[in-house]
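*Asks:* I have a structure here, written as structure tokens, and I will follow up with some questions on it.
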Amino acid sequence: MTQLSYPDIEAAAARISGRVRPVTVASARPGNAPEAPTTTAATWSAPPSIDPTGSGVHFALEFMQYTGSFKARGAQNFIQTHLAEGTFPEAGVTIASGGNAGLACAWAARDAGVPATVFLPTNAPAVKVERLRDYGAEVRLTGSEYAEAALACQEFVESSGALASHAYDHPLIAAGAGTMLTEILSQIPDLDTIVVSAGGGGLFAGVATAATFHGVRTVAVEPANCRALNAALEAGEPVDVPVDSVAADSLGASHATPLAVAAAQNDLVTSVLVDDEQIIAARNHLWGEHRLALEHAAATALAGIHGSAGSGSYIPAPDEKVCVVLCGANTSLGDL
């Protein structure tokens, strides 16, 4: 399957209802919080075209989701679908990921009462290993690089019959992510534009598919040096790209999924690139003005609408209703 449909997202919403937290939407109005830290040369400011009160810009607080990111939606949809169809093996589910996808897979498996095996390189941070084990997953440390852990995971699938999950490149994972858009529309029915960060493209594919169905514009924001989706749109197909960004831990996919490329093939999708300085400035703003300690990946989305036209940012119209998805909060506090 290389293309999602809105019925796929509706089906996902029915499966995961009551199993995930509905997204909270809040105004982006800064209020009277302290100014952002000045430890970086980058600064953040709203462009003149944005309503200065922030009343037209909202945040989708998806970092409050179980496990700290939107990945919980796709993991639940993936596991619940296989359980309902009788295709979930006794060996359980497996994934190679020490990031948000691995955490979500382990959590959803625990919620369903089924086994999960997560493969990580031997140099994975101890805090991630401990958290995965807290969720009940069996953690297997293999090799010094992610590629070696991924290979070991594939060998485990072949030898054990375990169900292989993926961080983003699966229609059930992307459809789960897309359920967020319907929840946002229930709170902002006149929404014009949804802004998401893009890595491999699972979140983008799901959200853009749902947004296009409802006539809502999607802005996909990527780091300039992790531009998997942007490069795929230029080439007309997924292509390999270099990965080098402060947000690479979450957005550092070497190529975009075909699901994302297919979802981007319409006039309601805009691709935006931002540099690391913009991402850091947006992340500092989220902390300084809103006291939100978020991943660089979450700040990437905000960076995409807060710049100048010359910087390549998307500049909303004065009366445009915009919602920025703040997708995850699994981050270190030490560099804020």
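Letters A, B, ... go to the chains of the structure tokens in the order shown; residues in each chain start at 1; ligands are counted from 1 in the same order.
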Excluding same-chain residues fewer than 5 positions from segment 173-184 of chain A, what lies within 7 Å of it counting only C-alpha atoms, as a PyMOL selection string?
*Replies:* chain A and resi 8-9+12-13+22-23+25+70-71+73-75+77-78+168+202-203+205-207+210-211
*Asks:* Find the residues around Ala224 of chain A up to 9 Å (only C-alpha atoms counted), leave out those fewer than 3 positions away in its own chain, and share them as a PyMOL selection string.
*Replies:* chain A and resi 227+244-245+272-276
*Asks:* Pick out the closest residue to Ala109 of chain A from this set: A:Gly143, A:Thr331, A:His58, A:Arg19. Count only C-alpha atoms.
*Replies:*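 Closest to Ala109 of chain A of all the choices is A:Arg19.
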*Asks:* Which residues come within 10 Å of segment 87-97 of chain A, counting only C-alpha atoms, excluding same-chain residues fewer than 4 positions away, as a PyMOL selection string?
*Replies:* chain A and resi 78-83+101-106+109+113-121+124+137-140+146-154+156-157+160-167
*Asks:* Segment 212-272 of chain A near segment 293-302 of chain A within 7 Å: what's each residue's closest atom pair and its distance in Å to one decimal, counting only C-alpha atoms, ordered by chain then ascending residue number, as a Markdown table?
*Replies:*
| residue | atom | partner | partner_atom | distance |
| --- | --- | --- | --- | --- |
| A:Val221 | CA | A:Ala301 | CA | 5.5 |
| A:Glu222 | CA | A:Thr300 | CA | 6.8 |
| A:Val246 | CA | A:His296 | CA | 6.9 |
| A:Ala247 | CA | A:His296 | CA | 5.0 |
| A:Ser250 | CA | A:Ala297 | CA | 6.1 |
| A:Leu251 | CA | A:Ala297 | CA | 6.4 |
*Asks:* Out of segment 166-239 of chain A, which residues get helix (DSSP H, G or I) from DSSP, as JSON, numbers by chain?
*Replies:* {"A": [171, 172, 173, 174, 175, 176, 177, 178, 179, 180, 181, 182, 183, 184, 185, 186, 187, 202, 203, 204, 205, 206, 207, 208, 209, 210, 211, 212, 213, 228, 229, 230, 231, 232, 233, 234, 235]}
*Asks:* Nearest residue to Thr193 of chain A out of A:Pro258, A:Gly252, A:Gly136, A:Gly56, using only C-alpha atoms?
*Replies:*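 Ranked by minimum distance to Thr193 of chain A, first place goes to A:Gly56.
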*Asks:* Find the residues around Tyr314 of chain A up to 8 Å (only C-alpha atoms counted), leave out those fewer than 6 positions away in its own chain, and share them as a list of chain:residue names.
*Replies:*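 Listing them by chain and then by number gives A:Val219, A:Val272, A:Gly304, A:Ile305, A:His306, A:Gly307.
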*Asks:* Output as a JSON list (two decimals) with N, CA and C atoms, in the first residue's frame all residues of segment 98-335 of chain A that backbone DSSP marks as strand (DSSP E).
*Replies:*
[["chain", "number", "residue", "atom", "x", "y", "z"],
["A", 116, "ALA", "N", 6.70, -7.52, 23.59],
["A", 116, "ALA", "CA", 7.41, -6.61, 22.69],
["A", 116, "ALA", "C", 8.90, -6.80, 22.87],
["A", 117, "THR", "N", 9.63, -6.85, 21.77],
["A", 117, "THR", "CA", 11.08, -6.95, 21.79],
["A", 117, "THR", "C", 11.65, -5.77, 21.01],
["A", 118, "VAL", "N", 12.49, -4.98, 21.67],
["A", 118, "VAL", "CA", 13.03, -3.77, 21.05],
["A", 118, "VAL", "C", 14.53, -3.92, 20.90],
["A", 119, "PHE", "N", 15.02, -3.67, 19.69],
["A", 119, "PHE", "CA", 16.45, -3.77, 19.40],
["A", 119, "PHE", "C", 17.09, -2.39, 19.38],
["A", 120, "LEU", "N", 18.23, -2.28, 20.05],
["A", 120, "LEU", "CA", 18.97, -1.03, 20.14],
["A", 120, "LEU", "C", 20.46, -1.31, 19.97],
["A", 138, "GLU", "N", 11.24, -6.50, 26.19],
["A", 138, "GLU", "CA", 12.54, -7.15, 26.23],
["A", 138, "GLU", "C", 13.46, -6.32, 25.35],
["A", 139, "VAL", "N", 14.57, -5.85, 25.90],
["A", 139, "VAL", "CA", 15.51, -5.01, 25.16],
["A", 139, "VAL", "C", 16.73, -5.83, 24.78],
["A", 140, "ARG", "N", 17.06, -5.81, 23.50],
["A", 140, "ARG", "CA", 18.24, -6.52, 23.01],
["A", 140, "ARG", "C", 19.20, -5.51, 22.42],
["A", 141, "LEU", "N", 20.40, -5.45, 22.99],
["A", 141, "LEU", "CA", 21.43, -4.52, 22.55],
["A", 141, "LEU", "C", 22.36, -5.22, 21.58],
["A", 163, "LEU", "N", 6.00, -10.05, 14.85],
["A", 163, "LEU", "CA", 5.42, -9.04, 13.97],
["A", 163, "LEU", "C", 6.32, -7.82, 13.92],
["A", 164, "ALA", "N", 6.78, -7.44, 12.74],
["A", 164, "ALA", "CA", 7.69, -6.32, 12.60],
["A", 164, "ALA", "C", 6.93, -5.01, 12.50],
["A", 193, "THR", "N", -5.04, 25.97, 8.20],
["A", 193, "THR", "CA", -3.72, 25.40, 7.95],
["A", 193, "THR", "C", -3.23, 24.61, 9.15],
["A", 194, "ILE", "N", -2.69, 23.44, 8.89],
["A", 194, "ILE", "CA", -2.05, 22.63, 9.92],
["A", 194, "ILE", "C", -0.56, 22.56, 9.59],
["A", 195, "VAL", "N", 0.30, 22.74, 10.61],
["A", 195, "VAL", "CA", 1.74, 22.76, 10.41],
["A", 195, "VAL", "C", 2.37, 21.61, 11.17],
["A", 196, "VAL", "N", 3.13, 20.77, 10.47],
["A", 196, "VAL", "CA", 3.76, 19.61, 11.11],
["A", 196, "VAL", "C", 5.23, 19.54, 10.70],
["A", 197, "SER", "N", 6.05, 19.01, 11.59],
["A", 197, "SER", "CA", 7.42, 18.69, 11.21],
["A", 197, "SER", "C", 7.42, 17.35, 10.49],
["A", 217, "ARG", "N", -5.12, 23.16, 4.46],
["A", 217, "ARG", "CA", -3.74, 23.19, 3.96],
["A", 217, "ARG", "C", -2.80, 22.53, 4.97],
["A", 218, "THR", "N", -1.79, 21.82, 4.47],
["A", 218, "THR", "CA", -0.75, 21.24, 5.33],
["A", 218, "THR", "C", 0.60, 21.84, 4.98],
["A", 219, "VAL", "N", 1.30, 22.33, 5.98],
["A", 219, "VAL", "CA", 2.67, 22.82, 5.80],
["A", 219, "VAL", "C", 3.61, 21.81, 6.46],
["A", 220, "ALA", "N", 4.47, 21.20, 5.66],
["A", 220, "ALA", "CA", 5.45, 20.22, 6.15],
["A", 220, "ALA", "C", 6.79, 20.92, 6.32],
["A", 221, "VAL", "N", 7.31, 20.92, 7.54],
["A", 221, "VAL", "CA", 8.55, 21.65, 7.84],
["A", 221, "VAL", "C", 9.67, 20.65, 8.14],
["A", 222, "GLU", "N", 10.81, 20.85, 7.50],
["A", 222, "GLU", "CA", 11.97, 19.97, 7.69],
["A", 222, "GLU", "C", 13.23, 20.80, 7.92],
["A", 223, "PRO", "N", 14.20, 20.25, 8.63],
["A", 223, "PRO", "CA", 15.51, 20.89, 8.70],
["A", 223, "PRO", "C", 16.13, 20.91, 7.30],
["A", 269, "VAL", "N", -0.65, 21.19, -0.10],
["A", 269, "VAL", "CA", 0.56, 20.86, 0.66],
["A", 269, "VAL", "C", 1.69, 21.81, 0.30],
["A", 270, "THR", "N", 2.36, 22.33, 1.32],
["A", 270, "THR", "CA", 3.51, 23.22, 1.13],
["A", 270, "THR", "C", 4.71, 22.65, 1.88],
["A", 271, "SER", "N", 5.84, 22.56, 1.22],
["A", 271, "SER", "CA", 7.08, 22.08, 1.84],
["A", 271, "SER", "C", 7.95, 23.26, 2.22],
["A", 272, "VAL", "N", 8.43, 23.27, 3.46],
["A", 272, "VAL", "CA", 9.24, 24.38, 3.99],
["A", 272, "VAL", "C", 10.51, 23.82, 4.63],
["A", 273, "LEU", "N", 11.62, 24.49, 4.40],
["A", 273, "LEU", "CA", 12.89, 24.12, 5.02],
["A", 273, "LEU", "C", 13.35, 25.21, 5.98],
["A", 274, "VAL", "N", 13.88, 24.81, 7.14],
["A", 274, "VAL", "CA", 14.40, 25.76, 8.11],
["A", 274, "VAL", "C", 15.80, 25.32, 8.53],
["A", 322, "VAL", "N", -4.38, 28.93, 12.04],
["A", 322, "VAL", "CA", -3.25, 28.01, 11.91],
["A", 322, "VAL", "C", -3.10, 27.20, 13.18],
["A", 323, "CYS", "N", -2.81, 25.92, 13.04],
["A", 323, "CYS", "CA", -2.50, 25.07, 14.19],
["A", 323, "CYS", "C", -1.16, 24.39, 13.97],
["A", 324, "VAL", "N", -0.25, 24.59, 14.91],
["A", 324, "VAL", "CA", 1.08, 24.00, 14.85],
["A", 324, "VAL", "C", 1.10, 22.79, 15.76],
["A", 325, "VAL", "N", 1.47, 21.63, 15.21],
["A", 325, "VAL", "CA", 1.52, 20.41, 15.99],
["A", 325, "VAL", "C", 2.85, 20.34, 16.75]]
*Asks:* Go ahead and compute the interatomic distance for atom CA of Ile279 of chain A and atom CA of Val243 of chain A, in Å to one decimal.
*Replies:*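 Separation of atom CA of Ile279 of chain A and atom CA of Val243 of chain A: 15.4 Å.
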*Asks:* Could you check how far atom CA of Ala11 of chain A sits from atom CA of Leu268 of chain A, in Å to one decimal?
*Replies:* 23.3 Å
